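**Q** As input, take my_file_23.txt (compact mmCIF, C-alpha atoms):
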# COMPACT_ATOMS: atom_id res chain seq x y z
CA MET N 1 -61.04 -4.69 16.61
CA LYS N 2 -60.79 -1.50 14.55
CA LYS N 3 -57.92 -0.35 16.74
CA SER N 4 -56.17 -3.68 16.18
CA ARG N 5 -56.64 -3.41 12.39
CA SER N 6 -55.37 0.16 12.41
CA TYR N 7 -52.27 -0.99 14.31
CA LEU N 8 -51.66 -3.77 11.78
CA LEU N 9 -52.04 -1.38 8.86
CA LEU N 10 -49.66 1.12 10.47
CA SER N 11 -47.11 -1.63 11.13
CA ALA N 12 -47.34 -2.85 7.55
CA LEU N 13 -46.89 0.71 6.26
CA CYS N 14 -43.81 1.16 8.45
CA LEU N 15 -42.32 -2.08 7.11
CA VAL N 16 -42.86 -0.89 3.55
CA VAL N 17 -41.21 2.46 4.31
CA LEU N 18 -38.29 0.84 6.09
CA SER N 19 -37.72 -1.69 3.33
CA SER N 20 -37.75 1.10 0.75
CA CYS N 21 -35.04 2.86 2.75
CA SER N 22 -32.84 -0.24 3.11
CA ILE N 23 -29.30 0.13 1.86
CA ASN N 24 -27.89 -1.99 -0.93
CA LEU N 25 -24.13 -1.55 -0.83
CA ASN N 26 -23.74 -3.22 -4.22
CA GLN N 27 -25.50 -0.42 -6.10
CA PRO N 28 -23.09 1.43 -8.44
CA GLY N 29 -23.50 4.88 -6.86
CA ASN N 30 -21.02 7.38 -8.31
CA ARG N 31 -18.96 4.59 -9.79
CA VAL N 32 -17.25 5.53 -13.04
CA PHE N 33 -16.37 2.00 -14.06
CA LYS N 34 -15.80 -1.52 -12.83
CA TYR N 35 -13.28 -3.79 -14.52
CA THR N 36 -14.16 -7.44 -13.98
CA ALA N 37 -10.97 -9.49 -13.95
CA PRO N 38 -11.22 -12.86 -15.74
CA ARG N 39 -11.10 -16.01 -13.64
CA ASP N 40 -9.54 -19.13 -15.06
CA ALA N 41 -10.61 -21.26 -12.11
CA GLN N 42 -13.55 -21.52 -9.73
CA TRP N 43 -12.81 -19.79 -6.43
CA SER N 44 -13.81 -21.29 -3.12
CA GLY N 45 -13.02 -18.14 -1.13
CA TYR N 46 -11.71 -14.60 -1.32
CA GLY N 47 -8.72 -13.60 -3.42
CA ILE N 48 -6.02 -10.95 -3.10
CA GLY N 49 -5.28 -7.63 -4.78
CA SER N 50 -2.64 -4.93 -4.60
CA SER N 51 -3.15 -1.18 -4.50
CA PRO N 52 -3.17 0.02 -8.12
CA VAL N 53 -0.27 1.86 -9.71
CA VAL N 54 -1.11 4.69 -12.12
CA ALA N 55 1.29 5.33 -15.02
CA GLY N 56 -0.13 7.92 -17.41
CA ASN N 57 -3.39 6.52 -18.74
CA TYR N 58 -2.53 3.01 -17.53
CA ILE N 59 -3.66 1.42 -14.27
CA LEU N 60 -1.65 -1.61 -13.15
CA TYR N 61 -2.40 -4.01 -10.32
CA VAL N 62 -1.82 -7.61 -9.27
CA ALA N 63 -4.80 -9.70 -8.20
CA GLY N 64 -6.22 -13.19 -8.26
CA TYR N 65 -6.75 -16.38 -6.32
CA HIS N 66 -3.58 -17.04 -4.35
CA TRP N 67 -4.66 -20.45 -3.02
CA GLN N 68 -4.30 -21.84 -6.53
CA ASN N 69 -1.50 -19.42 -7.46
CA ARG N 70 -3.68 -17.84 -10.14
CA VAL N 71 -2.55 -14.28 -9.54
CA TYR N 72 -1.90 -12.06 -12.54
CA LEU N 73 -0.86 -8.55 -13.54
CA PHE N 74 -3.69 -6.52 -15.08
CA VAL N 75 -3.23 -3.34 -17.13
CA ILE N 76 -6.36 -1.21 -17.55
CA ASP N 77 -7.21 1.88 -19.59
CA GLN N 78 -7.88 4.64 -17.05
CA THR N 79 -10.38 6.47 -19.25
CA THR N 80 -12.62 3.55 -20.19
CA GLY N 81 -11.92 1.02 -17.43
CA LYS N 82 -11.33 -1.67 -20.09
CA GLU N 83 -8.49 -4.16 -20.09
CA ILE N 84 -5.48 -3.46 -22.28
CA TRP N 85 -3.68 -6.69 -21.39
CA HIS N 86 -2.94 -9.08 -18.56
CA SER N 87 -0.01 -11.40 -17.90
CA LYS N 88 -0.14 -15.04 -18.97
CA GLU N 89 2.09 -16.12 -16.07
CA PRO N 90 1.32 -15.72 -12.36
CA VAL N 91 3.00 -12.59 -10.99
CA GLN N 92 4.37 -11.82 -7.53
CA ASN N 93 5.74 -8.26 -7.76
CA PHE N 94 6.10 -5.60 -10.45
CA GLU N 95 7.62 -2.20 -11.14
CA VAL N 96 6.84 0.34 -13.87
CA SER N 97 9.59 2.37 -15.53
CA GLY N 98 8.64 4.45 -18.55
CA ASP N 99 7.17 2.12 -21.18
CA LEU N 100 8.53 -0.98 -19.43
CA VAL N 101 7.03 -3.19 -16.75
CA ILE N 102 9.24 -5.61 -14.85
CA ALA N 103 7.66 -8.49 -12.91
CA THR N 104 8.67 -11.61 -11.03
CA THR N 105 6.73 -14.84 -11.41
CA ARG N 106 5.30 -16.58 -8.35
CA THR N 107 6.53 -19.52 -6.30
CA ALA N 108 4.44 -22.64 -5.60
CA ILE N 109 3.91 -23.36 -9.30
CA GLN N 110 4.08 -27.02 -8.27
CA ASN N 111 0.50 -26.61 -7.04
CA LEU N 112 -0.55 -26.63 -10.69
CA ASN N 113 1.85 -29.43 -11.63
CA PRO N 114 2.37 -31.67 -8.57
CA GLY N 115 5.91 -32.97 -8.28
CA LYS N 116 7.25 -30.52 -10.83
CA GLU N 117 9.11 -27.28 -10.41
CA ARG N 118 9.54 -24.30 -12.67
CA THR N 119 12.28 -21.72 -12.48
CA ILE N 120 11.15 -18.39 -11.12
CA GLU N 121 11.57 -15.80 -13.85
CA ILE N 122 11.99 -12.06 -14.24
CA VAL N 123 9.80 -10.91 -17.12
CA CYS N 124 9.90 -7.55 -18.90
CA TYR N 125 6.73 -6.40 -20.69
CA ASN N 126 5.90 -3.54 -23.00
CA LEU N 127 3.49 -1.39 -21.01
CA LYS N 128 1.39 -0.48 -24.05
CA ASP N 129 0.53 -3.96 -25.34
CA GLY N 130 1.93 -6.55 -22.89
CA ALA N 131 4.45 -7.96 -25.37
CA VAL N 132 7.21 -9.87 -23.56
CA LEU N 133 10.47 -8.10 -24.39
CA TRP N 134 12.69 -10.49 -22.47
CA ARG N 135 12.67 -12.99 -19.63
CA LYS N 136 15.49 -14.19 -17.40
CA PRO N 137 15.62 -16.94 -14.77
CA SER N 138 16.00 -15.89 -11.15
CA SER N 139 19.54 -16.33 -9.83
CA VAL N 140 18.10 -18.67 -7.17
CA ARG N 141 15.66 -20.74 -9.18
CA GLU N 142 13.13 -21.56 -6.44
CA PHE N 143 12.68 -18.02 -5.11
CA GLU N 144 11.66 -14.75 -6.68
CA PRO N 145 14.06 -11.84 -6.12
CA ARG N 146 12.81 -8.62 -4.61
CA ILE N 147 12.51 -5.75 -7.07
CA ILE N 148 14.09 -2.89 -5.15
CA GLY N 149 13.93 -0.19 -7.82
CA ALA N 150 14.32 1.07 -11.34
CA GLY N 151 16.34 3.89 -12.82
CA VAL N 152 18.86 3.48 -15.59
CA ASN N 153 18.81 -0.23 -14.66
CA PHE N 154 16.40 -2.60 -12.93
CA TYR N 155 17.70 -3.50 -9.45
CA PHE N 156 17.08 -6.75 -7.57
CA TRP N 157 17.92 -8.15 -4.17
CA MET N 158 18.08 -11.81 -3.21
CA PRO N 159 18.13 -11.59 0.63
CA GLY N 160 21.21 -13.21 2.10
CA PHE N 161 22.76 -13.87 -1.31
CA GLU N 162 23.30 -10.92 -3.64
CA VAL N 163 22.28 -7.62 -5.19
CA TYR N 164 22.35 -7.18 -8.95
CA ALA N 165 21.36 -4.91 -11.82
CA LEU N 166 19.87 -5.89 -15.19
CA ASP N 167 19.86 -3.85 -18.38
CA LYS N 168 16.32 -2.55 -18.89
CA GLN N 169 16.22 -3.15 -22.63
CA THR N 170 17.87 -6.58 -22.84
CA GLY N 171 17.84 -8.10 -19.36
CA ASP N 172 21.60 -8.62 -19.54
CA LEU N 173 23.50 -8.57 -16.25
CA LYS N 174 25.11 -5.18 -15.65
CA TRP N 175 26.68 -6.00 -12.30
CA ARG N 176 26.35 -8.31 -9.33
CA ILE N 177 27.60 -7.99 -5.77
CA GLN N 178 27.47 -11.16 -3.71
CA LYS N 179 27.79 -11.68 0.00
CA ASP N 180 31.47 -12.10 0.77
CA SER N 181 31.63 -11.72 4.54
CA ALA N 182 29.50 -11.42 7.63
CA SER N 183 29.73 -7.62 7.40
CA SER N 184 29.19 -7.26 3.65
CA PRO N 185 27.02 -4.12 3.41
CA MET N 186 25.53 -5.01 0.03
CA ALA N 187 24.00 -8.40 0.76
CA ILE N 188 23.36 -8.50 4.47
CA SER N 189 20.41 -7.23 6.48
CA THR N 190 18.17 -5.07 4.27
CA ILE N 191 18.32 -2.98 1.10
CA ILE N 192 16.10 -0.36 -0.53
CA ALA N 193 16.52 1.84 -3.60
CA ASP N 194 15.38 5.24 -4.79
CA GLY N 195 15.90 5.38 -8.54
CA ASP N 196 19.59 4.56 -9.06
CA THR N 197 20.57 5.20 -5.43
CA ILE N 198 20.75 2.05 -3.32
CA TYR N 199 20.79 2.08 0.48
CA SER N 200 22.03 -0.86 2.55
CA ALA N 201 22.39 -1.22 6.32
CA THR N 202 24.62 -3.68 8.14
CA PRO N 203 24.01 -3.84 11.90
CA GLY N 204 26.87 -2.53 14.00
CA ASP N 205 28.88 -1.80 10.86
CA SER N 206 27.73 0.70 8.26
CA LEU N 207 25.06 2.42 6.24
CA LEU N 208 26.05 2.28 2.59
CA VAL N 209 24.86 4.70 -0.09
CA PHE N 210 25.58 3.12 -3.47
CA ASP N 211 25.39 4.44 -7.04
CA GLY N 212 23.73 1.78 -9.20
CA VAL N 213 24.77 3.35 -12.50
CA GLU N 214 28.45 3.83 -11.70
CA ARG N 215 28.54 0.70 -9.52
CA LYS N 216 30.43 2.47 -6.82
CA THR N 217 29.97 3.48 -3.21
CA ARG N 218 28.91 7.09 -2.78
CA ASN N 219 28.98 7.23 1.03
CA VAL N 220 29.63 4.87 3.92
CA PHE N 221 28.63 5.85 7.44
CA SER N 222 29.44 4.01 10.63
CA MET N 223 26.47 2.51 12.45
CA GLU N 224 28.37 1.72 15.62
CA LYS N 225 26.01 3.95 17.57
CA VAL N 226 23.10 1.90 16.24
CA LYS N 227 23.31 -1.06 18.59
CA ALA N 228 20.81 -3.20 16.73
CA ASN N 229 21.61 -6.89 16.47
CA LEU N 230 19.63 -7.04 13.26
CA VAL N 231 18.38 -4.31 10.96
CA THR N 232 15.10 -5.72 9.69
CA GLY N 233 13.93 -2.80 7.57
CA LEU N 234 14.86 0.45 5.87
CA LYS N 235 12.42 3.13 4.80
CA LEU N 236 12.83 6.43 2.97
CA LEU N 237 11.05 9.36 4.63
CA GLU N 238 11.34 12.64 2.71
CA GLY N 239 15.03 12.10 1.97
CA LYS N 240 15.80 10.64 5.41
CA ILE N 241 16.47 6.96 6.18
CA ALA N 242 14.59 5.09 8.91
CA ALA N 243 16.29 1.88 10.08
CA ILE N 244 14.27 -0.53 12.23
CA ASP N 245 15.73 -3.29 14.40
CA GLU N 246 14.53 -6.67 15.64
CA LYS N 247 13.09 -5.11 18.80
CA ASN N 248 11.13 -2.61 16.71
CA GLY N 249 13.29 0.30 17.73
CA PHE N 250 14.21 2.70 14.96
CA TRP N 251 16.82 5.26 14.02
CA LEU N 252 16.16 8.17 11.68
CA LEU N 253 19.38 8.93 9.80
CA ASP N 254 20.57 11.68 7.47
CA PRO N 255 22.00 9.87 4.41
CA GLU N 256 24.18 12.88 3.57
CA ASN N 257 26.30 12.72 6.72
CA GLY N 258 25.09 9.67 8.64
CA SER N 259 23.93 11.69 11.66
CA ILE N 260 21.18 10.28 13.87
CA LEU N 261 18.19 12.64 13.81
CA PHE N 262 15.96 10.68 16.17
CA HIS N 263 15.91 7.35 17.99
CA GLU N 264 13.20 5.29 19.71
CA ASP N 265 14.28 2.17 21.61
CA SER N 266 11.55 -0.39 20.94
CA GLY N 267 7.92 -1.21 20.27
CA VAL N 268 7.39 0.94 17.18
CA THR N 269 5.14 -0.21 14.33
CA PHE N 270 7.58 0.29 11.44
CA ARG N 271 4.96 0.78 8.75
CA SER N 272 3.43 3.61 10.79
CA LEU N 273 6.46 5.90 10.41
CA TYR N 274 5.40 9.08 8.65
CA LEU N 275 7.34 12.29 8.08
CA LYS N 276 5.80 15.55 6.86
CA GLY N 277 8.14 18.52 7.00
CA GLU N 278 9.58 18.53 10.52
CA ARG N 279 6.72 16.48 12.00
CA LEU N 280 7.52 12.80 12.57
CA THR N 281 4.66 10.53 13.66
CA TYR N 282 4.77 6.89 14.67
CA ILE N 283 2.75 4.31 16.59
CA LYS N 284 4.01 2.60 19.72
CA GLY N 285 1.52 0.19 21.22
CA LYS N 286 -1.84 1.98 21.26
CA THR N 287 -0.30 5.45 21.34
CA LEU N 288 0.36 7.84 18.47
CA HIS N 289 3.43 10.03 18.94
CA CYS N 290 4.28 13.30 17.16
CA ILE N 291 7.90 14.56 17.22
CA ASN N 292 9.41 17.88 16.19
CA LEU N 293 12.60 16.91 14.32
CA GLU N 294 14.10 20.39 14.72
CA ASP N 295 14.81 19.73 18.39
CA GLY N 296 13.84 16.05 18.77
CA LYS N 297 11.20 16.87 21.37
CA GLU N 298 7.80 15.24 21.52
CA LEU N 299 5.03 17.67 20.63
CA TRP N 300 2.24 15.42 21.84
CA GLN N 301 1.05 11.85 22.20
CA LYS N 302 -2.44 10.44 21.92
CA ALA N 303 -3.53 7.14 23.46
CA PHE N 304 -6.31 5.23 21.70
CA PRO N 305 -8.70 2.66 23.25
CA GLY N 306 -7.74 -0.01 20.69
CA LYS N 307 -4.96 -1.00 18.32
CA ILE N 308 -4.14 1.67 15.74
CA ALA N 309 -3.78 0.95 12.04
CA ASN N 310 -0.31 1.11 10.49
CA GLN N 311 -0.53 4.25 8.39
CA ALA N 312 -1.62 7.80 9.02
CA LEU N 313 -2.04 10.73 6.66
CA ILE N 314 -1.13 14.37 7.29
CA SER N 315 -2.87 17.02 5.20
CA GLY N 316 -2.53 20.64 6.22
CA ASN N 317 -3.05 20.78 9.95
CA HIS N 318 -5.06 17.55 10.04
CA LEU N 319 -3.76 14.08 10.83
CA TYR N 320 -6.08 11.27 9.77
CA GLN N 321 -5.68 7.97 11.60
CA GLY N 322 -7.50 4.65 11.34
CA THR N 323 -7.61 1.72 13.72
CA ALA N 324 -7.33 -2.04 13.49
CA GLY N 325 -10.98 -2.54 14.43
CA SER N 326 -11.31 -3.16 18.17
CA ASP N 327 -11.91 0.58 18.31
CA PRO N 328 -14.24 1.03 15.31
CA HIS N 329 -13.54 4.74 14.74
CA PHE N 330 -11.58 6.66 12.15
CA TYR N 331 -10.03 9.82 13.63
CA CYS N 332 -9.07 13.32 12.57
CA LEU N 333 -6.56 14.94 14.95
CA ASP N 334 -5.20 18.46 15.14
CA LEU N 335 -1.52 18.19 14.22
CA THR N 336 -0.63 21.05 16.57
CA ASP N 337 -1.63 19.45 19.85
CA GLY N 338 -3.16 16.04 19.01
CA HIS N 339 -6.71 16.79 20.14
CA ILE N 340 -9.50 14.93 18.32
CA ILE N 341 -11.37 17.12 15.85
CA TRP N 342 -13.83 14.36 14.89
CA LYS N 343 -14.22 10.62 14.79
CA THR N 344 -16.46 8.47 12.60
CA GLU N 345 -17.40 4.84 13.15
CA ILE N 346 -16.35 2.80 10.11
CA GLY N 347 -14.46 -0.19 11.54
CA ALA N 348 -10.91 -1.24 10.74
CA VAL N 349 -8.98 0.56 7.99
CA ARG N 350 -7.29 -1.50 5.28
CA GLY N 351 -4.11 0.00 3.81
CA ASN N 352 -3.35 3.62 3.00
CA VAL N 353 -5.57 6.71 3.17
CA ILE N 354 -5.85 9.46 0.52
CA GLU N 355 -7.02 13.07 0.85
CA LYS N 356 -8.02 15.16 -2.15
CA ASP N 357 -9.76 18.56 -2.09
CA GLY N 358 -10.91 18.16 1.49
CA VAL N 359 -12.25 14.61 1.02
CA VAL N 360 -10.67 11.53 2.63
CA TYR N 361 -10.84 8.22 0.70
CA LEU N 362 -10.12 4.87 2.30
CA SER N 363 -10.99 1.18 2.48
CA SER N 364 -12.59 -0.35 5.55
CA GLN N 365 -12.87 -4.08 6.06
CA LYS N 366 -16.18 -4.11 4.18
CA GLU N 367 -16.45 -0.99 2.03
CA PHE N 368 -14.83 1.78 0.05
CA LEU N 369 -15.56 5.15 1.68
CA ALA N 370 -15.34 8.90 1.14
CA LEU N 371 -15.45 11.16 4.22
CA SER N 372 -15.50 14.91 4.65
CA GLY N 373 -12.06 15.90 5.89
CA ASP N 374 -13.57 18.74 7.95
CA THR N 375 -16.48 16.97 9.65
CA GLY N 376 -16.02 13.20 9.22
CA GLU N 377 -19.41 12.91 7.51
CA ILE N 378 -19.63 9.87 5.24
CA LEU N 379 -20.20 11.29 1.75
CA TRP N 380 -20.54 7.93 0.03
CA ARG N 381 -19.79 4.30 0.67
CA SER N 382 -19.65 1.34 -1.67
CA ALA N 383 -18.79 -2.33 -1.50
CA PRO N 384 -17.04 -4.66 -3.95
CA ASP N 385 -19.44 -6.90 -5.84
CA GLN N 386 -17.99 -9.90 -4.00
CA TYR N 387 -15.93 -10.34 -0.82
CA GLU N 388 -14.18 -7.27 0.65
CA PRO N 389 -11.73 -4.49 -0.28
CA ALA N 390 -8.24 -5.82 -0.91
CA ALA N 391 -6.10 -2.71 -0.34
CA GLY N 392 -6.10 1.03 0.10
CA PRO N 393 -7.06 3.41 -2.73
CA VAL N 394 -4.94 5.23 -5.31
CA LEU N 395 -5.62 8.60 -6.87
CA GLY N 396 -6.21 8.49 -10.62
CA ASP N 397 -7.04 11.14 -13.19
CA ASN N 398 -10.08 12.84 -11.62
CA LYS N 399 -11.08 9.55 -10.02
CA ILE N 400 -10.27 7.34 -7.05
CA LEU N 401 -9.32 3.69 -7.65
CA PHE N 402 -9.91 0.65 -5.45
CA VAL N 403 -9.27 -3.10 -5.82
CA GLY N 404 -11.48 -5.76 -4.24
CA GLN N 405 -10.75 -9.29 -3.07
CA ASP N 406 -12.85 -10.34 -6.05
CA SER N 407 -9.85 -9.12 -8.17
CA ASN N 408 -11.98 -6.40 -9.75
CA LEU N 409 -10.89 -2.78 -10.21
CA TYR N 410 -13.35 -0.05 -9.20
CA GLY N 411 -13.17 3.59 -10.27
CA TYR N 412 -15.23 6.34 -8.58
CA LYS N 413 -15.74 10.03 -9.27
CA LEU N 414 -13.87 12.41 -7.01
CA ILE N 415 -16.09 14.58 -4.86
CA GLU N 416 -15.68 18.25 -5.72
CA LYS N 417 -16.67 19.84 -2.42
CA SER N 418 -16.12 18.61 1.11
CA GLY N 419 -19.06 18.58 3.48
CA THR N 420 -21.74 17.93 0.86
CA LYS N 421 -22.75 14.54 -0.36
CA SER N 422 -22.37 13.60 -3.98
CA SER N 423 -25.50 14.13 -6.07
CA SER N 424 -26.08 10.37 -6.21
CA ALA N 425 -25.72 9.68 -2.48
CA THR N 426 -28.74 8.83 -0.35
CA ASP N 427 -27.62 8.88 3.25
CA SER N 428 -24.54 8.37 5.42
CA LYS N 429 -25.18 4.68 5.98
CA GLY N 430 -25.16 3.40 2.44
CA GLU N 431 -24.17 3.90 -1.11
CA SER N 432 -26.70 5.39 -3.48
For the structure just supplied, provide its representation as structure tokens.

**A**
Amino acid sequence: MKKSRSYLLLSALCLVVLSSCSINLNQPGNRVFKYTAPRDAQWSGYGIGSSPVVAGNYILYVAGYHWQNRVYLFVIDQTTGKEIWHSKEPVQNFEVSGDLVIATTRTAIQNLNPGKERTIEIVCYNLKDGAVLWRKPSSVREFEPRIIGAGVNFYFWMPGFEVYALDKQTGDLKWRIQKDSASSPMAISTIIADGDTIYSATPGDSLLVFDGVERKTRNVFSMEKVKANLVTGLKLLEGKIAAIDEKNGFWLLDPENGSILFHEDSGVTFRSLYLKGERLTYIKGKTLHCINLEDGKELWQKAFPGKIANQALISGNHLYQGTAGSDPHFYCLDLTDGHIIWKTEIGAVRGNVIEKDGVVYLSSQKEFLALSGDTGEILWRSAPDQYEPAAGPVLGDNKILFVGQDSNLYGYKLIEKSGTKSSSATDSKGES
């Protein structure tokens, strides 16, 4: 009987100890601030959120409840984490240029007013106070144009119809180029911009480099060697142009002379393309490839047991790579030969990855995490107050910024030294 009582007492003591060590992922930990976005409607599920954009002391992001089209642009003070302003109209996309913010309103407004439609608009705000400086209707009233860039002008693309530029201060039309033939390089296929330089690819015809200020063609290169039936995407990689086709093959082109630097036939995950110096990495199936652009030869390839996430990060001689979740590990590879330095079980990675001072910051499907770049040790982990992370992190001023599917913005202290946990952390399985 005494032995039985002793066993019960020991069991009870163990339960108390275990419960005291349980992890509450909703504790603030080394959180600097949390901005709670206002909700103008009751949600019945998770929302959406974009990765933040940092412009000086301003943090901008789009978040909300997309099922009811209640998605807005929020502008937050980076020092205090308090709201400066948010848009009154639902927002789809935005771009920051100096003290101006350009945004397009969202489609499906009829969900709020059944049977009615409202013209999609381009709205220009003052970054500092949210004052609307001008608004213009979209050239195709039911669809928002794609904001492709900002320089001297704001540049927009309406796929299949036209490309045009608006004056930043007034919204007046500066120029418009409309599709005029099946091979028109300015309105066919796909377009991207870098400041005032616009790139457009027409399959089997040309790669166009266009000056948006002078409204003139700077270079035109034949793409006859690129046998794609359809160019579905363009991407800038350290001054090079990657063109992807409908079979997920891609060509890496030099925009100065149109030469083909590298080509892969098919199966490439376009968003995985990453160029650092002369090292080009990309994902094909479940294999990560690393190419030396100097001679076009493959340095190494690494096969993974499950689907790999879209984006990798190269920092120094380390390549950090997440997965889509069937393989629950996050990996650090040696960039020289592709061997695995460490792997840590965190589940699927959501969005981009950031490294700062030897610490890797990322979003998993459930949490925000900081890992030692040298060892893979989890230095801290935190969860949004509701739902899950919405996107990958962004580096702020001495802080790391995350957005949750609850539309809230979370700011955390950067960790000063890799390999040691922050002073507020408890253990590798939970936030302090």

**Q** If the box runs along x, y and z of the file and leaves 4 Å on each side of range 99-102 of chain N, what are its centre and edge lengths in Å, one decimal, as JSON?

**A**
{"center_x": 8.1, "center_y": -1.7, "center_z": -18.0, "size_x": 10.2, "size_y": 15.7, "size_z": 14.3}

**Q** What does the distance between CA of Val101 in chain N and CA of Gly49 in chain N come to in Å, to one decimal place?

**A**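 A separation of 17.7 Å between them.
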
**Q** For Cys124 in chain N, list every protein, DNA or RNA residue within 7 Å, evaluated using all atoms listed in the file, and leave out those in the same chain fewer than 6 positions away; present the list as a PyMOL selection string.

**A** chain N and resi 100-103+132-135

**Q** Just write the chosen residues, C-alpha atoms, as a CSV table (one decimal), in the coordinates of the input.

**A**
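Result saved to again_1.csv:
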chain,number,residue,atom,x,y,z
N,100,LEU,CA,8.5,-1.0,-19.4
N,101,VAL,CA,7.0,-3.2,-16.8
N,102,ILE,CA,9.2,-5.6,-14.8
N,103,ALA,CA,7.7,-8.5,-12.9
N,132,VAL,CA,7.2,-9.9,-23.6
N,133,LEU,CA,10.5,-8.1,-24.4
N,134,TRP,CA,12.7,-10.5,-22.5
N,135,ARG,CA,12.7,-13.0,-19.6

**Q** Point out the residue among N:Lys179, N:Lys128, N:Arg215, N:Lys286 with the least atom-to-atom distance to Thr202 in chain N, counting only C-alpha atoms.

**A**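 So, comparing all the options, the nearest one is N:Lys179.
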
**Q** Which residue is closest to Gln301 in chain N? Choose from N:Asn317, N:Ser44, N:Thr281, N:Thr375 and count only C-alpha atoms.

**A**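 Going through N:Asn317, N:Ser44, N:Thr281, N:Thr375 one by one, the smallest distance to Gln301 in chain N is for N:Thr281.
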
**Q** What residues have an atom no more than 12 Å from (13.4, 8.0, -0.1) in the file's own frame, counting all atoms listed in the file, and can you write them as a list in words?

**A**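 Collected hits near the coordinates: Gly149, Ile192, Ala193, Asp194, Gly195, Asp196, Thr197, Ile198, Tyr199, Val209, Leu234, Lys235, Leu236, Leu237, Glu238, Gly239, Lys240, Ile241, Ala242, Leu253, Asp254, Pro255, Tyr274 and Leu275 of chain N.
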
**Q** Around (13.6, -1.3, -16.4) in the file's frame, which residues reach within 6 Å when counting all atoms listed in the file? Return as an mmCIF file with C-alpha atoms, in the frame of the given file?

**A**
data_model
loop_
_atom_site.group_PDB
_atom_site.id
_atom_site.type_symbol
_atom_site.label_atom_id
_atom_site.label_comp_id
_atom_site.auth_asym_id
_atom_site.auth_seq_id
_atom_site.Cartn_x
_atom_site.Cartn_y
_atom_site.Cartn_z
ATOM 1 C CA SER N 97 9.590 2.370 -15.530
ATOM 2 C CA LEU N 100 8.530 -0.980 -19.430
ATOM 3 C CA ALA N 150 14.320 1.070 -11.340
ATOM 4 C CA ASN N 153 18.810 -0.230 -14.660
ATOM 5 C CA PHE N 154 16.400 -2.600 -12.930
ATOM 6 C CA LYS N 168 16.320 -2.550 -18.890
#

**Q** For Gln321 in chain N, list every protein, DNA or RNA residue within 9 Å, evaluated using all atoms listed in the file, and leave out those in the same chain fewer than 3 positions away; present the list as a list in words.

**A**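 Final neighbour list, sorted by chain and number: Ile308, Ala309, Asn310, Gln311, Ala312, Leu313, Ile314, Phe330, Tyr331, Cys332, Leu333, Val349 and Val353 of chain N.
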
**Q** Using Å and a single decimal, report how far CA of Thr323 in chain N sits from CA of Gly376 in chain N.

**A** 14.9 Å

**Q** Grab the CA of Ile260 in chain N to CA of His289 in chain N distance for me, in Å with one decimal place.

**A** 18.5 Å

**Q** With all atoms listed in the file as the atoms that count, which of N:Gly233, N:Gly151, N:Gly160, N:Gly404 lies nearest to Asp211 in chain N?

**A**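 For Asp211 in chain N, the nearest of the given residues is N:Gly151.
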
**Q** My list of candidates is N:Leu299, N:Val123, N:Val394, N:Val268. Which is closest to Lys356 in chain N when distances are computed with only C-alpha atoms?

**A**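 Checking each candidate against Lys356 in chain N, we get N:Val394 as the closest.
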
**Q** Fix up range 302-311 of chain N with N, CA and C atoms, then write it as a short mmCIF file (atom, residue, chain, number, x, y, z; two decimals), in the frame of the given file.

**A**
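What landed in part_0.cif:
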data_model
loop_
_atom_site.label_atom_id
_atom_site.label_comp_id
_atom_site.auth_asym_id
_atom_site.auth_seq_id
_atom_site.Cartn_x
_atom_site.Cartn_y
_atom_site.Cartn_z
N LYS N 302 -1.01 10.70 21.77
CA LYS N 302 -2.44 10.44 21.92
C LYS N 302 -2.66 8.94 22.08
N ALA N 303 -3.22 8.55 23.21
CA ALA N 303 -3.53 7.14 23.46
C ALA N 303 -4.91 6.83 22.92
N PHE N 304 -5.05 5.67 22.27
CA PHE N 304 -6.31 5.23 21.70
C PHE N 304 -6.82 4.01 22.48
N PRO N 305 -8.14 3.78 22.49
CA PRO N 305 -8.70 2.66 23.25
C PRO N 305 -8.39 1.29 22.64
N GLY N 306 -8.04 1.25 21.34
CA GLY N 306 -7.74 -0.01 20.69
C GLY N 306 -6.50 0.10 19.84
N LYS N 307 -6.15 -0.98 19.17
CA LYS N 307 -4.96 -1.00 18.32
C LYS N 307 -5.14 -0.05 17.14
N ILE N 308 -4.08 0.69 16.82
CA ILE N 308 -4.14 1.67 15.74
C ILE N 308 -3.66 1.02 14.44
N ALA N 309 -4.22 1.46 13.33
CA ALA N 309 -3.78 0.95 12.04
C ALA N 309 -2.38 1.46 11.73
N ASN N 310 -1.71 0.82 10.77
CA ASN N 310 -0.31 1.11 10.49
C ASN N 310 -0.04 2.52 9.99
N GLN N 311 -0.87 3.01 9.09
CA GLN N 311 -0.53 4.25 8.39
C GLN N 311 -1.46 5.40 8.74
#
